[in-house]
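**Q** File follows, data26.txt with compact mmCIF, C-alpha atoms:
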# COMPACT_ATOMS: atom_id res chain seq x y z
CA MET B 1 111.29 113.31 80.14
CA ILE B 2 108.15 112.44 82.08
CA LYS B 3 106.59 115.27 84.04
CA PHE B 4 104.51 113.95 86.94
CA CYS B 5 102.71 115.84 89.67
CA ASN B 6 100.14 114.86 92.28
CA LEU B 7 97.88 117.91 92.11
CA TYR B 8 95.75 116.65 95.01
CA SER B 9 95.90 113.47 97.03
CA GLY B 10 93.83 112.27 99.95
CA SER B 11 90.31 111.63 101.16
CA SER B 12 89.24 115.17 100.18
CA GLY B 13 90.14 114.55 96.52
CA ASN B 14 92.63 113.08 94.09
CA SER B 15 94.00 114.27 90.77
CA THR B 16 97.35 113.55 89.17
CA PHE B 17 98.95 115.17 86.14
CA LEU B 18 101.32 113.36 83.77
CA GLU B 19 103.04 114.76 80.67
CA TYR B 20 105.34 113.19 78.11
CA ASN B 21 106.29 114.93 74.87
CA ASP B 22 103.05 116.54 73.66
CA THR B 23 100.73 114.21 75.59
CA ARG B 24 99.10 115.39 78.80
CA ILE B 25 96.70 113.37 80.95
CA LEU B 26 95.01 113.49 84.30
CA ILE B 27 94.44 110.49 86.49
CA ASP B 28 91.20 111.16 88.35
CA ALA B 29 89.31 114.44 88.82
CA GLY B 30 88.33 114.19 92.47
CA VAL B 31 88.38 117.90 93.29
CA SER B 32 86.49 120.81 91.79
CA CYS B 33 87.17 121.96 88.25
CA GLN B 34 88.38 125.24 89.75
CA LYS B 35 90.96 123.45 91.91
CA ILE B 36 92.14 121.31 88.99
CA THR B 37 92.51 124.46 86.87
CA LYS B 38 94.48 126.15 89.67
CA GLY B 39 96.75 123.13 90.18
CA LEU B 40 97.47 122.86 86.46
CA SER B 41 98.10 126.60 86.13
CA GLU B 42 100.91 126.27 88.67
CA LEU B 43 102.50 123.89 86.14
CA ASN B 44 101.79 126.30 83.24
CA VAL B 45 99.22 123.86 81.81
CA SER B 46 95.54 124.45 81.09
CA LEU B 47 92.67 121.98 81.01
CA GLU B 48 92.32 122.69 77.25
CA GLU B 49 95.68 120.92 76.80
CA ILE B 50 94.62 117.67 78.52
CA ASP B 51 94.32 114.72 76.12
CA GLY B 52 92.39 112.41 78.44
CA ILE B 53 91.32 111.70 81.99
CA LEU B 54 91.86 108.19 83.37
CA ILE B 55 89.44 107.25 86.13
CA THR B 56 90.65 104.72 88.70
CA HIS B 57 87.17 104.15 90.20
CA GLU B 58 83.83 105.83 90.88
CA HIS B 59 84.25 107.15 94.42
CA SER B 60 83.60 110.89 94.79
CA ASP B 61 87.14 111.69 95.90
CA HIS B 62 88.21 110.53 92.41
CA VAL B 63 85.40 111.97 90.24
CA LYS B 64 83.99 115.02 92.08
CA GLY B 65 85.06 117.54 89.41
CA LEU B 66 84.31 115.37 86.39
CA THR B 67 80.84 116.77 85.59
CA THR B 68 82.01 120.39 85.46
CA VAL B 69 85.16 119.49 83.56
CA CYS B 70 83.03 117.69 80.95
CA LYS B 71 80.63 120.64 80.64
CA LYS B 72 83.46 123.12 80.06
CA TYR B 73 85.97 121.01 78.11
CA ASP B 74 85.77 118.28 75.51
CA ILE B 75 88.17 115.81 77.13
CA PRO B 76 87.90 112.03 76.65
CA ILE B 77 87.10 110.16 79.88
CA TYR B 78 88.69 106.68 80.14
CA THR B 79 86.93 104.16 82.38
CA THR B 80 85.98 100.53 82.52
CA GLN B 81 82.42 99.70 81.46
CA LYS B 82 81.37 98.94 85.04
CA THR B 83 82.83 102.19 86.36
CA TRP B 84 81.12 104.20 83.60
CA LYS B 85 77.80 102.62 84.53
CA GLN B 86 78.34 103.67 88.17
CA LEU B 87 79.00 107.21 86.97
CA SER B 88 75.63 107.41 85.17
CA LEU B 89 74.19 109.65 87.90
CA LEU B 90 76.72 112.31 86.89
CA LYS B 91 75.06 112.48 83.44
CA LEU B 92 78.38 112.67 81.63
CA PRO B 93 78.20 112.89 77.82
CA GLU B 94 78.48 109.44 76.28
CA TYR B 95 80.57 110.78 73.39
CA ASN B 96 83.35 111.65 75.88
CA HIS B 97 83.60 108.05 77.12
CA VAL B 98 86.44 105.76 76.04
CA GLU B 99 86.14 102.28 77.49
CA PHE B 100 89.11 100.17 78.51
CA GLN B 101 89.47 96.75 80.11
CA ALA B 102 91.90 95.64 82.77
CA ASN B 103 95.03 94.01 81.36
CA LYS B 104 94.41 95.33 77.82
CA ASN B 105 96.84 98.03 76.79
CA PHE B 106 95.77 101.19 75.00
CA CYS B 107 97.44 104.45 74.01
CA ILE B 108 96.80 108.10 74.58
CA GLY B 109 99.16 110.04 72.33
CA ASP B 110 102.73 109.08 73.22
CA LEU B 111 101.71 107.14 76.33
CA GLU B 112 101.02 103.42 76.52
CA ILE B 113 98.59 102.60 79.32
CA HIS B 114 98.32 99.20 80.97
CA PRO B 115 95.34 99.12 83.36
CA PHE B 116 95.22 96.40 85.99
CA SER B 117 92.77 95.48 88.73
CA ILE B 118 93.33 96.40 92.37
CA PRO B 119 91.53 95.37 95.57
CA HIS B 120 89.22 98.17 96.69
CA ASP B 121 85.56 98.53 97.59
CA ALA B 122 84.54 99.88 94.19
CA VAL B 123 82.83 98.17 91.26
CA ASP B 124 85.93 97.77 89.01
CA PRO B 125 88.92 99.68 90.42
CA CYS B 126 92.10 99.93 88.38
CA ALA B 127 95.66 101.10 88.68
CA PHE B 128 97.80 102.04 85.71
CA ASN B 129 101.26 101.31 84.36
CA ILE B 130 102.06 104.21 82.08
CA THR B 131 104.96 103.79 79.68
CA ALA B 132 106.57 106.81 78.08
CA GLY B 133 109.42 105.89 75.79
CA LYS B 134 111.67 103.65 77.89
CA LYS B 135 110.35 104.92 81.22
CA LYS B 136 107.44 103.53 83.24
CA ILE B 137 105.45 104.92 86.12
CA THR B 138 102.80 103.03 88.06
CA ILE B 139 99.89 104.79 89.69
CA ALA B 140 97.90 102.76 92.21
CA THR B 141 95.55 104.46 94.66
CA ASP B 142 93.35 103.22 97.48
CA ILE B 143 94.96 99.82 97.86
CA GLY B 144 94.59 98.19 101.25
CA HIS B 145 97.19 95.54 100.60
CA VAL B 146 99.60 94.50 97.86
CA THR B 147 98.34 91.61 95.76
CA LYS B 148 100.45 89.43 93.47
CA ASP B 149 99.06 91.37 90.47
CA ILE B 150 100.05 94.71 91.99
CA TYR B 151 103.49 93.39 92.87
CA GLU B 152 104.03 92.07 89.32
CA ASN B 153 102.95 95.36 87.81
Would you mind writing the file's structure down as structure tokens?
**A**
Amino acid sequence: MIKFCNLYSGSSGNSTFLEYNDTRILIDAGVSCQKITKGLSELNVSLEEIDGILITHEHSDHVKGLTTVCKKYDIPIYTTQKTWKQLSLLKLPEYNHVEFQANKNFCIGDLEIHPFSIPHDAVDPCAFNITAGKKKITIATDIGHVTKDIYEN
């Protein structure tokens, strides 16, 4: 079974939790580390158990807590190359970075991730199809309109 929870959503910050089998990920870290910790604790999960953080794009409401999370926890951060470059001001450790490209699948534990491009005023924004066993969930934030690519995904 897929466990999915929007911890925070909106212009003040975004972070989503997804779990399948023993794999746990966050999509975005746009609120403080303290808030993320609190939101996860309500699900009986700790940040130490997170296997990766997928970043949709570089806007602060999606990455605000990333610096503190990286200082306290050794969690891989998944971004496109262009998004990672935009995050350089955050001085995130390079060894935590895992690069992906739109339309090229990759895995985190038991999850297969298919990133795809979305229209948004960021350098390289992505949404994600996440497949867990025979189930699929799509996470697309900050889209102004539905493109053919979004519709197909």
**Q** Find the residues with any atom within 10 Å of (83.4, 115.9, 93.9); use all atoms listed in the file and the coordinates as given in the file, and write the answer as a PyMOL selection string.
**A** chain B and resi 12-14+29-33+59-68
**Q** Would you list the contacts of B:Pro115 as a PyMOL selection string, taking every protein, DNA or RNA residue within 8 Å and counting only C-alpha atoms, but skipping same-chain residues closer than 6 positions in sequence?
**A** chain B and resi 100-105+126-129
**Q** Name all residues at most 8 Å from B:Thr147 (count all atoms listed in the file; drop same-chain ones fewer than 3 positions away) and give them as a list in words.
**A**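 Skipping anything fewer than 3 positions along the chain leaves Ile118, Pro119, Ile150 and Tyr151 of chain B.
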**Q** So what do you get for atom CA of B:Ile139 versus atom CA of B:Thr56, distance-wise?
**A**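 Taking atom CA of B:Ile139 as the start and atom CA of B:Thr56 as the end point, the length is 9.3 Å.
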**Q** What does the distance between atom CA of B:Lys135 and atom CA of B:Phe106 come to in Å, to one decimal place?
**A**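 One can read the atom CA of B:Lys135 to atom CA of B:Phe106 distance as 16.3 Å.
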**Q** With all atoms listed in the file as the basis for distance, which of B:Ile50, B:Leu18, B:Ile143, B:Ile137 is at the shortest distance from B:Asp121?
**A** B:Ile143
**Q** In terms of the shortest atom-to-atom distance over only C-alpha atoms, which of B:Lys71, B:Lys38, B:His114, B:Arg24 is closest to B:Asp51?
**A**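 For B:Asp51, the nearest of the candidates is B:Arg24.
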**Q** Please compute the atom CA of B:His97-atom CA of B:Pro76 distance, one decimal, in Å.
**A** 5.9 Å
**Q** Near stretch 78-84 of chain B, within 10 Å and counting all atoms listed in the file, which residues show up once chain neighbours fewer than 4 positions away are dropped, as a ChimeraX atom specification?
**A** /B:27-28,52-59,88-90,92,94,96-102,108,115,122-126
**Q** Any chance you could export the current selection's C-alpha atoms as a PDB file, keeping the file's coordinate frame?
**A**
ATOM      1  CA  ILE B  27      94.440 110.490  86.490  1.00  0.00           C
ATOM      2  CA  ASP B  28      91.200 111.160  88.350  1.00  0.00           C
ATOM      3  CA  GLY B  52      92.390 112.410  78.440  1.00  0.00           C
ATOM      4  CA  ILE B  53      91.320 111.700  81.990  1.00  0.00           C
ATOM      5  CA  LEU B  54      91.860 108.190  83.370  1.00  0.00           C
ATOM      6  CA  ILE B  55      89.440 107.250  86.130  1.00  0.00           C
ATOM      7  CA  THR B  56      90.650 104.720  88.700  1.00  0.00           C
ATOM      8  CA  HIS B  57      87.170 104.150  90.200  1.00  0.00           C
ATOM      9  CA  GLU B  58      83.830 105.830  90.880  1.00  0.00           C
ATOM     10  CA  HIS B  59      84.250 107.150  94.420  1.00  0.00           C
ATOM     11  CA  SER B  88      75.630 107.410  85.170  1.00  0.00           C
ATOM     12  CA  LEU B  89      74.190 109.650  87.900  1.00  0.00           C
ATOM     13  CA  LEU B  90      76.720 112.310  86.890  1.00  0.00           C
ATOM     14  CA  LEU B  92      78.380 112.670  81.630  1.00  0.00           C
ATOM     15  CA  GLU B  94      78.480 109.440  76.280  1.00  0.00           C
ATOM     16  CA  ASN B  96      83.350 111.650  75.880  1.00  0.00           C
ATOM     17  CA  HIS B  97      83.600 108.050  77.120  1.00  0.00           C
ATOM     18  CA  VAL B  98      86.440 105.760  76.040  1.00  0.00           C
ATOM     19  CA  GLU B  99      86.140 102.280  77.490  1.00  0.00           C
ATOM     20  CA  PHE B 100      89.110 100.170  78.510  1.00  0.00           C
ATOM     21  CA  GLN B 101      89.470  96.750  80.110  1.00  0.00           C
ATOM     22  CA  ALA B 102      91.900  95.640  82.770  1.00  0.00           C
ATOM     23  CA  ILE B 108      96.800 108.100  74.580  1.00  0.00           C
ATOM     24  CA  PRO B 115      95.340  99.120  83.360  1.00  0.00           C
ATOM     25  CA  ALA B 122      84.540  99.880  94.190  1.00  0.00           C
ATOM     26  CA  VAL B 123      82.830  98.170  91.260  1.00  0.00           C
ATOM     27  CA  ASP B 124      85.930  97.770  89.010  1.00  0.00           C
ATOM     28  CA  PRO B 125      88.920  99.680  90.420  1.00  0.00           C
ATOM     29  CA  CYS B 126      92.100  99.930  88.380  1.00  0.00           C
TER      30      CYS B 126
END
**Q** Compare B:Ile75, B:Cys5, B:Ser15, B:Gln34 by their minimum atom-to-atom distance to B:Thr141, counting all atoms listed in the file, and give me the closest one.
**A**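 So, comparing all the options, the nearest one is B:Ser15.
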**Q** When distances are computed from all atoms listed in the file, which of B:Glu48, B:Glu19, B:Asp142, B:Glu152 shows the smallest separation from B:Ile36?
**A**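 That would be B:Glu48, the residue with the smallest distance to B:Ile36.
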**Q** Taking into account all atoms listed in the file, which residue in the set B:Cys70, B:Ile77, B:Ser11, B:Lys85 is nearest to B:Leu26?
**A**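 Residue with the minimum atom-to-atom distance to B:Leu26: B:Ile77.
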**Q** Using all atoms listed in the file, can you tell me which of B:Ser117, B:Ser46, B:Glu112, B:Leu87 comes closest to B:Lys134?
**A**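 Under the stated criterion, the closest residue is B:Glu112.
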**Q** Got a sec to check which residues sit within 12 Å of (105.2, 117.4, 85.3), counting all atoms listed in the file, and write them as a PyMOL selection string?
**A** chain B and resi 1-7+16-26+39-45
